[in-house]
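Input: a single structure, listed below in structure tokens.
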Amino acid sequence: MTNFFKHYEFYIGLLFVLFISILTILPLFRDGFFPIHDDAQIVRVQQMTKALQDGQFPVRWVSDLGYGYGYPIFNFYAPLPYYIGSVFDLIGFSPLTATKIMMGIGMLVAGLTMYILGWEIWRHAGGGVWGAIISAVLYQYAPYHAVQLYVRGSVGELYAYAFLPLAVYGFYVLLYEKNRLSTGLLMGIIGYVGLILSHNIIALLFTIFLGLTGVIGGIGGIRRIRGMRKIREKIAWMIMSVVFAFGISSFFWLPALAEKYYTSVDQVITTEGSDYHKHFLYIDQLWDSPWGFAGSAPGREDGMSFKIGKLHILLGLLGVLGIVGAFREKKKKRFSESLAMWMGIVLLGLSIFMTLESSVIIWDAFSSFMAYIQFPWRFLVFILFFISLYAGGIVALGKNQTMLFIITAVITISVVYVNLKYFNPQAYYHISQSEYESEYYIKWQISKISDEYLPMIFILPKSEFEIPHSKFDIESGVVENQVIKTDEQSATIIVDKTSQLLINTAYFPGWRVFIDDQEVSPTIIEGKMQIFVPQGQHVIRLLFTNTAVRSLANAISVISSIILFGTIIWLYKNRYEKNDVR
């Protein structure tokens with residue numbers, strides 16, 4: 001039985017973490033939906049599905065949001081969670097159910113990836129699987145994890161929270177493990193790409209932290225490598241993994257950077273309610289703050305909680321003490337790399353500092369960059385990552401398996417008991433499929449939530465009665481045979497004299513207009529396209545095509561993916577790992 005358990009302990013622990021994590025998503029199984037700050041999730045999944053059904057890939061443009069004028073939301077808004085949600089929509093689930101599944105997957109994966117990272121680190125200590133379980137349970141049951149789903153409804157940040165441990169796992173293996181080069185390379189890239197395609201801001205912060213850790217923590221990993229050639233190889237593979245991640249995800253981030261000036265997104269996300277000066281925290285709010293379902297506000301007027309949690313903080317401190325003790329006892333052995341772990345503690349302290357108003361000097365010094373982060377409390381993702389990971393150090397010095405089991409059981413029960421109550425929505429409301437797919441709901445109610453992807457010169461409708469019911473408004477004439485798809489629109493126009501045709505589609509680079517297969521250049525009026533149609537009967541056609549930067553970005557993503565696949569095959573075929581020594 002002992003040999004059986006040792007052989008399968010990783011998988012038994014993984015299944016346990018999965019089981020205990022399911023408790024956090026049980027409210028998703030109830031009928032109806034619940035109020036969240038970002039209430040556009042169902043419609044985004046529905047619009048992603050519609051675009052995929054029309055053959056658009058990668059999806060950039062949606063046709064019904066933006067008050068019915070459409071806009072390029074997925075050219076800027078990280079799309080990965082919505083691709084996952086749309087898969088379930090496409091195979092037969094309703095958009096509402098598909099959205100819940102999408103949310104549930106993002107929630108569950110966080111515990112599993114932290115368990116995998118915890119196993120990689122704590123298996124070298126006496127605690128082994130027990131440290132991995134403790135890290136995973138604390139990460140899964142962090143109060144802010146509940147805020148992401150049941151209060152804010154921030155699906156992108158929920159997925160970034162889940163991909164973060166996987167990215168760290170890959171880079172950790174790449175830097176410190178021998179004989180597992182391909183594993184570290186692949187997992188690091190998957191995790192990093194997942195971050196970029198889930199939440200731009202968290203990915204940006206991770207990149208900064210990765211740079212600091214790679215430079216300083218890397219010293220601890222390569223100091224045991226004999227010979228400059230191996231040092232250069234380690235550094236080269238680390239850099240290559242970053243290059244691969246940015247290359248594979250370039251179809252998203254490159255056009256987002258190059259084309260953001262055609263929309264109002266820059267102005268909206270860096271001003272008004274998103275001004276970081278209004279969202280600093282007080283240190284006691286990290287220890288404990290009232291639970292609520294409202295939003296972030298200046299001073300202490302916040303309607304939502306930003307607490308790390310008393311139990312999380314205490315267990316994290318105990319874990320750090322366990323790590324220090326392990327360093328002293330095993331400083332000459334393979335138990336992690338002390339410099340990298342201490343670097344993590346430094347980054348934890350930095351993350352805490354960046355949430356407080358005392359860090360405003362840094363925010364202001366780099367305001368042109370920091371303004372995009374919007375909310376200083378976004379650093380909670382990293383605070384909880386480090387605290388949860390280090391909490392596994394409680395069992396770092398353990399040797400008695402029975403005692404370790406008892407400690408892990410007590411911690412798990414305590415954490416679940418204290419925090420499970422937060423994993424519930426404020427209320428439920430029943431919404432029918434016909435309601436959330438209705439023209440009024442999508443084009444007016446949800447469009448008002450997020451309209452920053454429309455052109456800067458676009459005049460917003462003042463009421464739902466100003467929403468167009470046709471994609472084509474002709475000055476004098478008849479519009480027939482309209483065919484409206486996400487990335488293609490056409491109609492037959494019959495006029496008895498040259499007439500002005502207003503196309504009720506928001507202009508964005510890539511839209512091309514044709515009259516009887518002859519391309520014409522539209523006039524842009526208040527963010528919409530206008531052309532003149534000559535006398536007679538004509539077929540008007542609009543196509544949404546790739547700009548040069550999008551075509552380049554798509555090509556880079558495809559080429560990077562092919563090269564990565566070939567690299568992994570080459571590493572495996574040539575058994576490169578056998579020659580890789582620390």
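By order in the structure tokens, chains are A, B, ...; within a chain, residues start at 1; ligands start at 1, following the order shown.
Residues within 12 Å of A:Asp89, counting only C-alpha atoms and excluding same-chain residues fewer than 3 positions away, are Ile42, Val43, Arg44, Val45, Gln46, Gln47, Met48, Thr49, Lys50, Leu52, Gln53, Tyr82, Tyr83, Ile84, Gly85, Ser86, Gly92, Phe93, Ser94, Pro95, Leu96, Thr97, Ala98, Thr99, Lys100, Ile101 and Met102 of chain A.
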Would you put the residues from that selection into a file with N, CA and C atoms, as a short mmCIF file (atom, residue, chain, number, x, y, z; two decimals), in the first residue's frame?
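Wrote it out as selection-v2.cif, contents follow:
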```cif
data_model
loop_
_atom_site.label_atom_id
_atom_site.label_comp_id
_atom_site.auth_asym_id
_atom_site.auth_seq_id
_atom_site.Cartn_x
_atom_site.Cartn_y
_atom_site.Cartn_z
N ILE A 42 -22.03 37.17 -20.77
CA ILE A 42 -22.87 36.28 -21.59
C ILE A 42 -22.88 36.77 -23.04
N VAL A 43 -23.05 38.06 -23.22
CA VAL A 43 -23.12 38.61 -24.58
C VAL A 43 -21.78 38.48 -25.29
N ARG A 44 -20.68 38.64 -24.57
CA ARG A 44 -19.36 38.48 -25.21
C ARG A 44 -19.18 37.05 -25.71
N VAL A 45 -19.60 36.09 -24.93
CA VAL A 45 -19.53 34.69 -25.39
C VAL A 45 -20.42 34.51 -26.62
N GLN A 46 -21.62 35.04 -26.56
CA GLN A 46 -22.56 34.91 -27.68
C GLN A 46 -22.02 35.57 -28.94
N GLN A 47 -21.41 36.75 -28.79
CA GLN A 47 -20.86 37.46 -29.93
C GLN A 47 -19.61 36.77 -30.49
N MET A 48 -18.79 36.19 -29.61
CA MET A 48 -17.65 35.41 -30.07
C MET A 48 -18.12 34.21 -30.89
N THR A 49 -19.15 33.54 -30.40
CA THR A 49 -19.69 32.38 -31.12
C THR A 49 -20.21 32.79 -32.50
N LYS A 50 -20.92 33.87 -32.54
CA LYS A 50 -21.48 34.36 -33.80
C LYS A 50 -20.37 34.65 -34.81
N LEU A 52 -17.31 33.34 -34.86
CA LEU A 52 -16.70 32.07 -35.27
C LEU A 52 -17.59 31.35 -36.28
N GLN A 53 -18.88 31.38 -36.08
CA GLN A 53 -19.81 30.74 -37.01
C GLN A 53 -19.76 31.40 -38.38
N TYR A 82 -13.08 33.76 -23.80
CA TYR A 82 -14.29 33.76 -24.63
C TYR A 82 -14.20 32.73 -25.75
N TYR A 83 -13.00 32.42 -26.20
CA TYR A 83 -12.85 31.29 -27.11
C TYR A 83 -13.27 30.00 -26.40
N ILE A 84 -12.85 29.87 -25.15
CA ILE A 84 -13.22 28.67 -24.38
C ILE A 84 -14.72 28.62 -24.16
N GLY A 85 -15.32 29.75 -23.78
CA GLY A 85 -16.77 29.78 -23.59
C GLY A 85 -17.52 29.48 -24.86
N SER A 86 -17.04 30.00 -25.99
CA SER A 86 -17.76 29.80 -27.25
C SER A 86 -17.71 28.35 -27.71
N GLY A 92 -23.60 23.21 -28.34
CA GLY A 92 -25.01 23.04 -28.00
C GLY A 92 -25.48 23.65 -26.69
N PHE A 93 -24.57 24.08 -25.83
CA PHE A 93 -25.01 24.75 -24.61
C PHE A 93 -25.49 26.16 -24.93
N SER A 94 -26.40 26.67 -24.11
CA SER A 94 -26.84 28.05 -24.30
C SER A 94 -25.70 28.99 -23.94
N PRO A 95 -25.71 30.24 -24.45
CA PRO A 95 -24.65 31.19 -24.07
C PRO A 95 -24.56 31.38 -22.56
N LEU A 96 -25.68 31.34 -21.86
CA LEU A 96 -25.66 31.48 -20.40
C LEU A 96 -24.91 30.32 -19.75
N THR A 97 -25.25 29.10 -20.14
CA THR A 97 -24.58 27.93 -19.58
C THR A 97 -23.11 27.90 -19.98
N ALA A 98 -22.83 28.24 -21.24
CA ALA A 98 -21.44 28.28 -21.71
C ALA A 98 -20.62 29.29 -20.92
N THR A 99 -21.24 30.41 -20.57
CA THR A 99 -20.55 31.43 -19.77
C THR A 99 -20.24 30.90 -18.38
N LYS A 100 -21.18 30.20 -17.79
CA LYS A 100 -20.94 29.61 -16.46
C LYS A 100 -19.83 28.57 -16.52
N ILE A 101 -19.82 27.76 -17.55
CA ILE A 101 -18.75 26.76 -17.70
C ILE A 101 -17.41 27.45 -17.86
N MET A 102 -17.39 28.51 -18.67
CA MET A 102 -16.16 29.29 -18.86
C MET A 102 -15.65 29.82 -17.52
#
```
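Nearest to A:Gln489 of all the residues A:Asp54, A:Asp31, A:Asp302, A:Glu464 is A:Asp54, counting only C-alpha atoms.
One distance worth recording is that between atom CA of A:Ile503 and atom CA of A:Thr545, which is 16.8 Å.
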Subject >> A:Gly319 surroundings by only C-alpha atoms, 8 Å radius, close-in-sequence under 6 positions cut, as a PyMOL selection string >> reply: chain A and resi 390-395
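Between atom CA of A:Ile323 and atom CA of A:Ala396 the separation is 6.4 Å.
Every protein or nucleic acid residue with an atom no more than 6 Å from A:Leu542, counting only C-alpha atoms and leaving out same-chain residues fewer than 6 positions away, appears here: A:Glu488, A:Gln489, A:Arg512, A:Val513.
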Show which residues sit within 7 Å of stretch 372-385 of chain A, as a PDB file with C-alpha atoms, in the first residue's frame. Count only C-alpha atoms, and ignore same-chain residues fewer than 2 positions away.
```
ATOM      1  CA  TYR A 139      -4.605  29.956  -3.559  1.00  0.00           C
ATOM      2  CA  TYR A 161      -4.834  34.056 -11.842  1.00  0.00           C
ATOM      3  CA  ILE A 201      -2.339  44.070 -17.428  1.00  0.00           C
ATOM      4  CA  ILE A 269      -9.181  53.104 -19.296  1.00  0.00           C
ATOM      5  CA  THR A 270      -6.700  55.706 -18.016  1.00  0.00           C
ATOM      6  CA  SER A 274      -9.941  54.325 -13.550  1.00  0.00           C
ATOM      7  CA  ASP A 275      -7.500  56.946 -12.254  1.00  0.00           C
ATOM      8  CA  TYR A 276      -5.106  55.025  -9.998  1.00  0.00           C
ATOM      9  CA  HIS A 279      -7.853  53.343  -5.710  1.00  0.00           C
ATOM     10  CA  PHE A 280      -4.974  52.969  -3.264  1.00  0.00           C
ATOM     11  CA  ILE A 308      -5.731  38.995   1.895  1.00  0.00           C
ATOM     12  CA  LEU A 348       5.777  39.927  -2.304  1.00  0.00           C
ATOM     13  CA  SER A 351       3.460  43.951  -4.428  1.00  0.00           C
ATOM     14  CA  ILE A 352       2.102  44.922  -1.006  1.00  0.00           C
ATOM     15  CA  MET A 354       2.421  49.015  -4.646  1.00  0.00           C
ATOM     16  CA  THR A 355      -1.150  48.750  -3.326  1.00  0.00           C
ATOM     17  CA  PHE A 369       2.833  53.324 -18.110  1.00  0.00           C
ATOM     18  CA  MET A 370       1.233  52.833 -14.683  1.00  0.00           C
ATOM     19  CA  ILE A 387       1.601  33.973   0.180  1.00  0.00           C
ATOM     20  CA  SER A 388      -0.165  30.798  -0.963  1.00  0.00           C
ATOM     21  CA  LEU A 389       2.994  29.331  -2.461  1.00  0.00           C
TER      22      LEU A 389
END
```
Please provide as an mmCIF file with C-alpha atoms, in the first residue's frame all residues within 7 Å of stretch 440-443 of chain A, with the sequence filter that same-chain residues fewer than 3 positions apart are discarded (counting only C-alpha atoms).
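Output file part-v7.cif is given in full below:
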```cif
data_model
loop_
_atom_site.group_PDB
_atom_site.id
_atom_site.type_symbol
_atom_site.label_atom_id
_atom_site.label_comp_id
_atom_site.auth_asym_id
_atom_site.auth_seq_id
_atom_site.Cartn_x
_atom_site.Cartn_y
_atom_site.Cartn_z
ATOM 1 C CA VAL A 43 -23.124 38.615 -24.579
ATOM 2 C CA ASP A 64 -24.043 43.833 -32.463
ATOM 3 C CA LEU A 65 -22.249 45.525 -29.589
ATOM 4 C CA GLY A 66 -21.410 49.223 -29.863
ATOM 5 C CA TYR A 67 -25.131 50.063 -30.076
ATOM 6 C CA GLY A 68 -25.510 47.851 -33.132
ATOM 7 C CA GLU A 435 -33.905 38.157 -23.240
ATOM 8 C CA TYR A 436 -30.105 38.056 -23.285
ATOM 9 C CA GLU A 437 -30.117 37.453 -27.043
ATOM 10 C CA ILE A 446 -24.910 45.769 -22.611
ATOM 11 C CA SER A 447 -23.468 48.229 -25.125
#
```
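Distances here use only C-alpha atoms; by that measure, the residue among A:Ala162, A:Leu80, A:Ile431, A:Met341 closest to A:Thr113 is A:Ala162.
Residue nearest A:Ser490 within the list A:Phe33, A:Ile540, A:Met456, A:Ser249: A:Ile540 [criterion: smallest interatomic distance, only C-alpha atoms].
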Subject >> 12 Å contact set for stretch 166-170 of chain A, only C-alpha atoms, chain neighbours under 2 positions out, as a PyMOL selection string >> reply: chain A and resi 109-121+159-164+172-177+180-196+203+206-207+209-210+213-214+237-238+241-242+245+340+344+382+385-386+389
**OP:** Please return as number ranges by chain: the residues of stretch 376-526 of chain A that backbone DSSP assigns to strand (DSSP E).
**Re:** A: 472-474, 478-484, 488-495, 499-506, 511-515, 518-520, 523-525
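Computed from the coordinates, the atom CA of A:Trp122 to atom CA of A:Leu149 distance equals 29.0 Å.
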